[in-house]
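Q: First, the structure itself, so that you have it in front of you.
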Amino acid sequence: MPLQALDRIVKAYDIRGLYPDELDEEVASRLGSAAARFFAAPEVLLGRDCRLSSPSLARAFTEGATGEGVDVVDLGLAATDLLYFASGTLDRPGVMFTASHNPKDYNGAKLCRAGAAPVGIESGLQEVRRLMEEGPGRSHGDGRVRPENVLDAYAAHCRSFVDPAELRHLKVVVDTANGMGGLVVPAVYAPLPVEIVPLFFELDGTFPHHPADPIQAENLKDLRSRVLEEEADLGLAFDGDADRVFLVDDNAEPVSGSTTTALVARGMLRRHPGAKIIHNLICSRAVPEIIVEHGGHPIRTRVGHSYIKTTMAESGAVFGGEHSGHYYFRDNFRADSGIIASLVVLEEISRARKPLSEIRLELERYADSGEINTTVDDAPATMQKVADAFPGAHDRTDGLTVTMPDWWFNLRPSNTEPLLRLNVEAADDESLRVHIDEVLTLIRSP
């Protein structure tokens, strides 16, 4: 077993690495044993995506878990948010084998406690790693395996977030990139008055058409072309495990995660007047402005699902959004769901009786850079140099955030690479270019 690879594959929020060089069946078996002991529950839920390595990794995990005397509830092929739904409704911990948006040669595992509570490096994943290194426990139990199909219940749950009577007949092109959206999108949308134009719905872990990573602009080309060809109302792009969604409007122009957060927040505040709404600190300034304008109370958090879910539990917030395309719902066990977010978006478009290309104009108020990555030799020293250039105007809630009267930026180190990730927002395109150059000069100067 490549135990030395644990340093590389245990990330901040999940386990992820190349198969079989970094993550193989022995790693998966040890994870099964470790998860059984860590969760200390009578049953563990197990789901998997359609990657070619997922069946054998899931079998190895099952052997490790049942060897500890714990039963495995096999959900079979699943989207990650379907696993979270099962964890919430069945009140059991769960493990999902997936590498999300990563290329076909990767695999990994996402873990949650009973009730879909997150397991990250600060909330148990480090202990799971220690147990994996330790190896199987002393128990030689004979846990059982039983299948469980929750797809129909999950689909009905997702639809409960909108009023089907409010939905107009919209034509929606959906690109699931041969990932798990091809399983869950038809189940959720079938009873609704929405015309789905499917793109790459066939489950295929080789991802033959394009990578299942819709945050990359090149992976939206097929969707954008089809939206124009079909004269569709919008397009939806899901990542490999279907927990994230990205939008393109009726003009086939991509919609940022911040704009989607503002749009979904508006819909959630209609259902929950005066509610608290979470946004992470790299979302546009427009997001908290729109939340306040619609009677809500914005709460700013660090980037990352474990922080958002924890803050949601503490504050009672009904919704949380991230610029990266993750959308969290209190009534979805505080878990993220791209499918639920897409439904709320369709309801908002239906109610507005305007195309998304017009609706977004009300929500997009500033110019933003998107994420700009720079390789650096010493990330902490570089960040300190940038901070020194803006004395008194920064905070360290998550990386370095500098807030000026008419612009701001966030600079964060990558968890996995020697990179600094820069996001800048300014009043207009001209000032945005000036401030991007200003900050990049600081980052990249010797």
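Please note that chains go A, B, ... in the order of the structure tokens, that every chain numbers its residues from 1, and that ligands are numbered from 1 in the order shown.
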Can you build me a table of range 294-363 of chain A residues sitting at most 10 Å from range 66-89 of chain A, with the closest atom pair per residue and its distance in Å to one decimal, using only C-alpha atoms, sorted by chain and residue number, as a Markdown table?

A:
| residue | atom | partner | partner_atom | distance |
| --- | --- | --- | --- | --- |
| A:Asn332 | CA | A:Phe85 | CA | 7.0 |
| A:Phe333 | CA | A:Gly88 | CA | 5.9 |
| A:Arg334 | CA | A:Tyr84 | CA | 9.3 |
| A:Ala335 | CA | A:Tyr84 | CA | 6.6 |
| A:Asp336 | CA | A:Asp81 | CA | 6.6 |
| A:Ser337 | CA | A:Asp81 | CA | 5.6 |
| A:Gly338 | CA | A:Asp81 | CA | 8.1 |
| A:Ile339 | CA | A:Asp81 | CA | 8.6 |
| A:Ile340 | CA | A:Asp81 | CA | 9.6 |

Q: Can you pull out the residues contacting range 283-292 of chain A? Cut-off 6 Å, using only C-alpha atoms, and skip same-chain residues under 3 positions away; I want them as an mmCIF file with N, CA and C atoms, in the first residue's frame.

A:
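Result saved to around06.cif:
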data_model
loop_
_atom_site.group_PDB
_atom_site.id
_atom_site.type_symbol
_atom_site.label_atom_id
_atom_site.label_comp_id
_atom_site.auth_asym_id
_atom_site.auth_seq_id
_atom_site.Cartn_x
_atom_site.Cartn_y
_atom_site.Cartn_z
ATOM 1 N N SER A 258 -21.186 33.868 -7.930
ATOM 2 C CA SER A 258 -21.710 34.966 -7.109
ATOM 3 C C SER A 258 -23.096 35.383 -7.577
ATOM 4 N N ALA A 262 -26.626 35.115 -5.495
ATOM 5 C CA ALA A 262 -27.575 36.211 -5.285
ATOM 6 C C ALA A 262 -28.971 35.836 -5.764
ATOM 7 N N ASN A 280 -19.519 33.225 1.026
ATOM 8 C CA ASN A 280 -18.113 33.204 1.407
ATOM 9 C C ASN A 280 -17.421 34.487 0.975
ATOM 10 N N GLY A 295 -34.405 41.980 2.392
ATOM 11 C CA GLY A 295 -34.835 41.762 3.764
ATOM 12 C C GLY A 295 -34.078 40.706 4.533
ATOM 13 N N GLY A 296 -32.984 40.207 3.963
ATOM 14 C CA GLY A 296 -32.228 39.172 4.640
ATOM 15 C C GLY A 296 -31.048 39.713 5.418
ATOM 16 N N HIS A 297 -30.361 38.800 6.094
ATOM 17 C CA HIS A 297 -29.208 39.158 6.918
ATOM 18 C C HIS A 297 -27.996 38.371 6.423
ATOM 19 N N PRO A 298 -27.042 39.041 5.751
ATOM 20 C CA PRO A 298 -25.876 38.331 5.214
ATOM 21 C C PRO A 298 -24.873 37.968 6.292
ATOM 22 N N HIS A 323 -18.732 31.122 -4.429
ATOM 23 C CA HIS A 323 -18.402 31.544 -5.781
ATOM 24 C C HIS A 323 -18.030 30.347 -6.657
#

Q: Name the residues of range 382-428 of chain A that come out as alpha helix (DSSP H) in a backbone DSSP run; write them as a list of chain:residue names.

A: A:Thr382, A:Met383, A:Gln384, A:Lys385, A:Val386, A:Ala387, A:Asp388

Q: So, with only C-alpha atoms as the atoms that count, which of A:Arg226, A:Arg244, A:Lys385, A:Arg51 lies closest to Gly181 in chain A?

A: A:Arg244

Q: Could you name the residues that touch Arg351 in chain A at 9 Å or less, counting only C-alpha atoms, but leaving out those on the same chain fewer than 6 positions away, as a list in words?

A: Glu166, Leu167 and Arg168 of chain A

Q: Can you tell me, as a PDB file with N, CA and C atoms, in the first residue's frame, what residues are no more than 8 Å from Ala341 in chain A when counting only C-alpha atoms, ignoring any on the same chain fewer than 3 positions away?

A:
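selection-v2.pdb written:
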ATOM      1  N   VAL A 245     -23.261  23.087  -9.686  1.00  0.00           N
ATOM      2  CA  VAL A 245     -23.881  23.443 -10.959  1.00  0.00           C
ATOM      3  C   VAL A 245     -23.404  24.825 -11.369  1.00  0.00           C
ATOM      4  N   VAL A 264     -30.314  32.747  -6.121  1.00  0.00           N
ATOM      5  CA  VAL A 264     -30.920  31.734  -5.248  1.00  0.00           C
ATOM      6  C   VAL A 264     -31.270  32.354  -3.894  1.00  0.00           C
ATOM      7  N   TYR A 327     -23.790  25.263  -3.339  1.00  0.00           N
ATOM      8  CA  TYR A 327     -24.951  25.948  -2.776  1.00  0.00           C
ATOM      9  C   TYR A 327     -25.569  25.051  -1.702  1.00  0.00           C
ATOM     10  N   SER A 337     -26.160  21.199  -2.819  1.00  0.00           N
ATOM     11  CA  SER A 337     -26.879  20.483  -3.862  1.00  0.00           C
ATOM     12  C   SER A 337     -27.006  21.358  -5.100  1.00  0.00           C
ATOM     13  N   GLY A 338     -26.347  20.944  -6.171  1.00  0.00           N
ATOM     14  CA  GLY A 338     -26.494  21.645  -7.436  1.00  0.00           C
ATOM     15  C   GLY A 338     -27.884  21.516  -8.012  1.00  0.00           C
ATOM     16  N   VAL A 344     -34.337  26.196  -7.880  1.00  0.00           N
ATOM     17  CA  VAL A 344     -34.666  27.535  -7.377  1.00  0.00           C
ATOM     18  C   VAL A 344     -34.419  28.577  -8.463  1.00  0.00           C
ATOM     19  N   VAL A 345     -33.344  28.411  -9.231  1.00  0.00           N
ATOM     20  CA  VAL A 345     -33.069  29.330 -10.347  1.00  0.00           C
ATOM     21  C   VAL A 345     -34.213  29.306 -11.353  1.00  0.00           C
TER      22      VAL A 345
END

Q: Could you state the separation of CA of Gly325 in chain A and CA of Ile277 in chain A in Å, given to one decimal place?

A: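 Straight-line distance from CA of Gly325 in chain A to CA of Ile277 in chain A works out to 15.6 Å.
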
Q: Excluding Val128 in chain A and its own-chain neighbours fewer than 2 positions away, which residues fall within 7 Å of it when counting only C-alpha atoms? Please give them as number ranges by chain.

A: A: 34-35, 38, 124-126, 130-132

Q: Could you write out the selected residues, including C-alpha atoms, as a tab-separated table (two decimals), in the first residue's frame?

A:
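Below you can see out_8.tsv, which holds the result:
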chain	number	residue	atom	x	y	z
A	34	ALA	CA	-10.86	3.30	9.64
A	35	ALA	CA	-14.31	4.72	8.83
A	38	PHE	CA	-14.15	6.41	13.46
A	124	GLY	CA	-12.18	14.24	11.90
A	125	LEU	CA	-10.35	13.55	8.66
A	126	GLN	CA	-6.97	13.72	10.39
A	130	ARG	CA	-4.31	8.08	11.62
A	131	LEU	CA	-6.58	5.05	11.75
A	132	MET	CA	-5.73	4.22	8.13

Q: Give the strand (DSSP E or B) residues of range 125-330 of chain A, as assigned by DSSP on the backbone, as a PyMOL selection string.

A: chain A and resi 145-147+170-175+194-199+234-238+245-248+254-255+276-280+297-301+319-321+327-329

Q: Check the smallest atom-to-atom distance from each of A:Leu90, A:Met312, A:Leu6, A:Leu236 to His279 in chain A using only C-alpha atoms, then report the winner.

A: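 Counting only C-alpha atoms, the residue closest to His279 in chain A is A:Met312.
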
Q: Kindly give the distance, in Å, that separates CA of Glu218 in chain A and CA of Glu322 in chain A, rounded to a single decimal.

A: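 Spanning CA of Glu218 in chain A to CA of Glu322 in chain A is a straight-line distance of 21.1 Å.
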
Q: For a quick check of understanding, using only C-alpha atoms, which of A:Arg421, A:Leu363, A:Leu23, A:Val145 has the smallest distance to Ala379 in chain A?

A: A:Arg421

Q: Please report as CSV every residue of range 272-391 of chain A lying within 7 Å of range 427-438 of chain A, along with the nearest atom pair and their distance in Å (one decimal), using only C-alpha atoms.

A:
residue,atom,partner,partner_atom,distance
A:Tyr366,CA,A:Ala427,CA,5.1
A:Ala367,CA,A:Asp428,CA,5.1
A:Asp368,CA,A:Leu432,CA,7.0

Q: Contacts of Lys11 in chain A at 12 Å or less, counting only C-alpha atoms, minus same-chain residues fewer than 6 places along, as a list in words?

A: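 The residues that qualify are Ala5, Gly17, Ala99, Gly108, Ala109, Lys110, Leu111, Val119, Gly120, Ile121, Glu122, Gly124, Leu125, Gln126, Val128, Arg129, Gly304, Ser414, Asn415, Thr416 and Glu417 of chain A.
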
Q: For CA of Val197 in chain A and CA of His169 in chain A, determine how far apart the two atoms are, in Å to one decimal place.

A: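 If I compute the distance from CA of Val197 in chain A to CA of His169 in chain A, I get 12.9 Å.
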
Q: Got a sec: who's within 12 Å of Thr397 in chain A, counting only C-alpha atoms, leaving out chain neighbours fewer than 3 positions off, as a ChimeraX atom specification?

A: /A:280-282,300-303,307,394,400-402,410-412
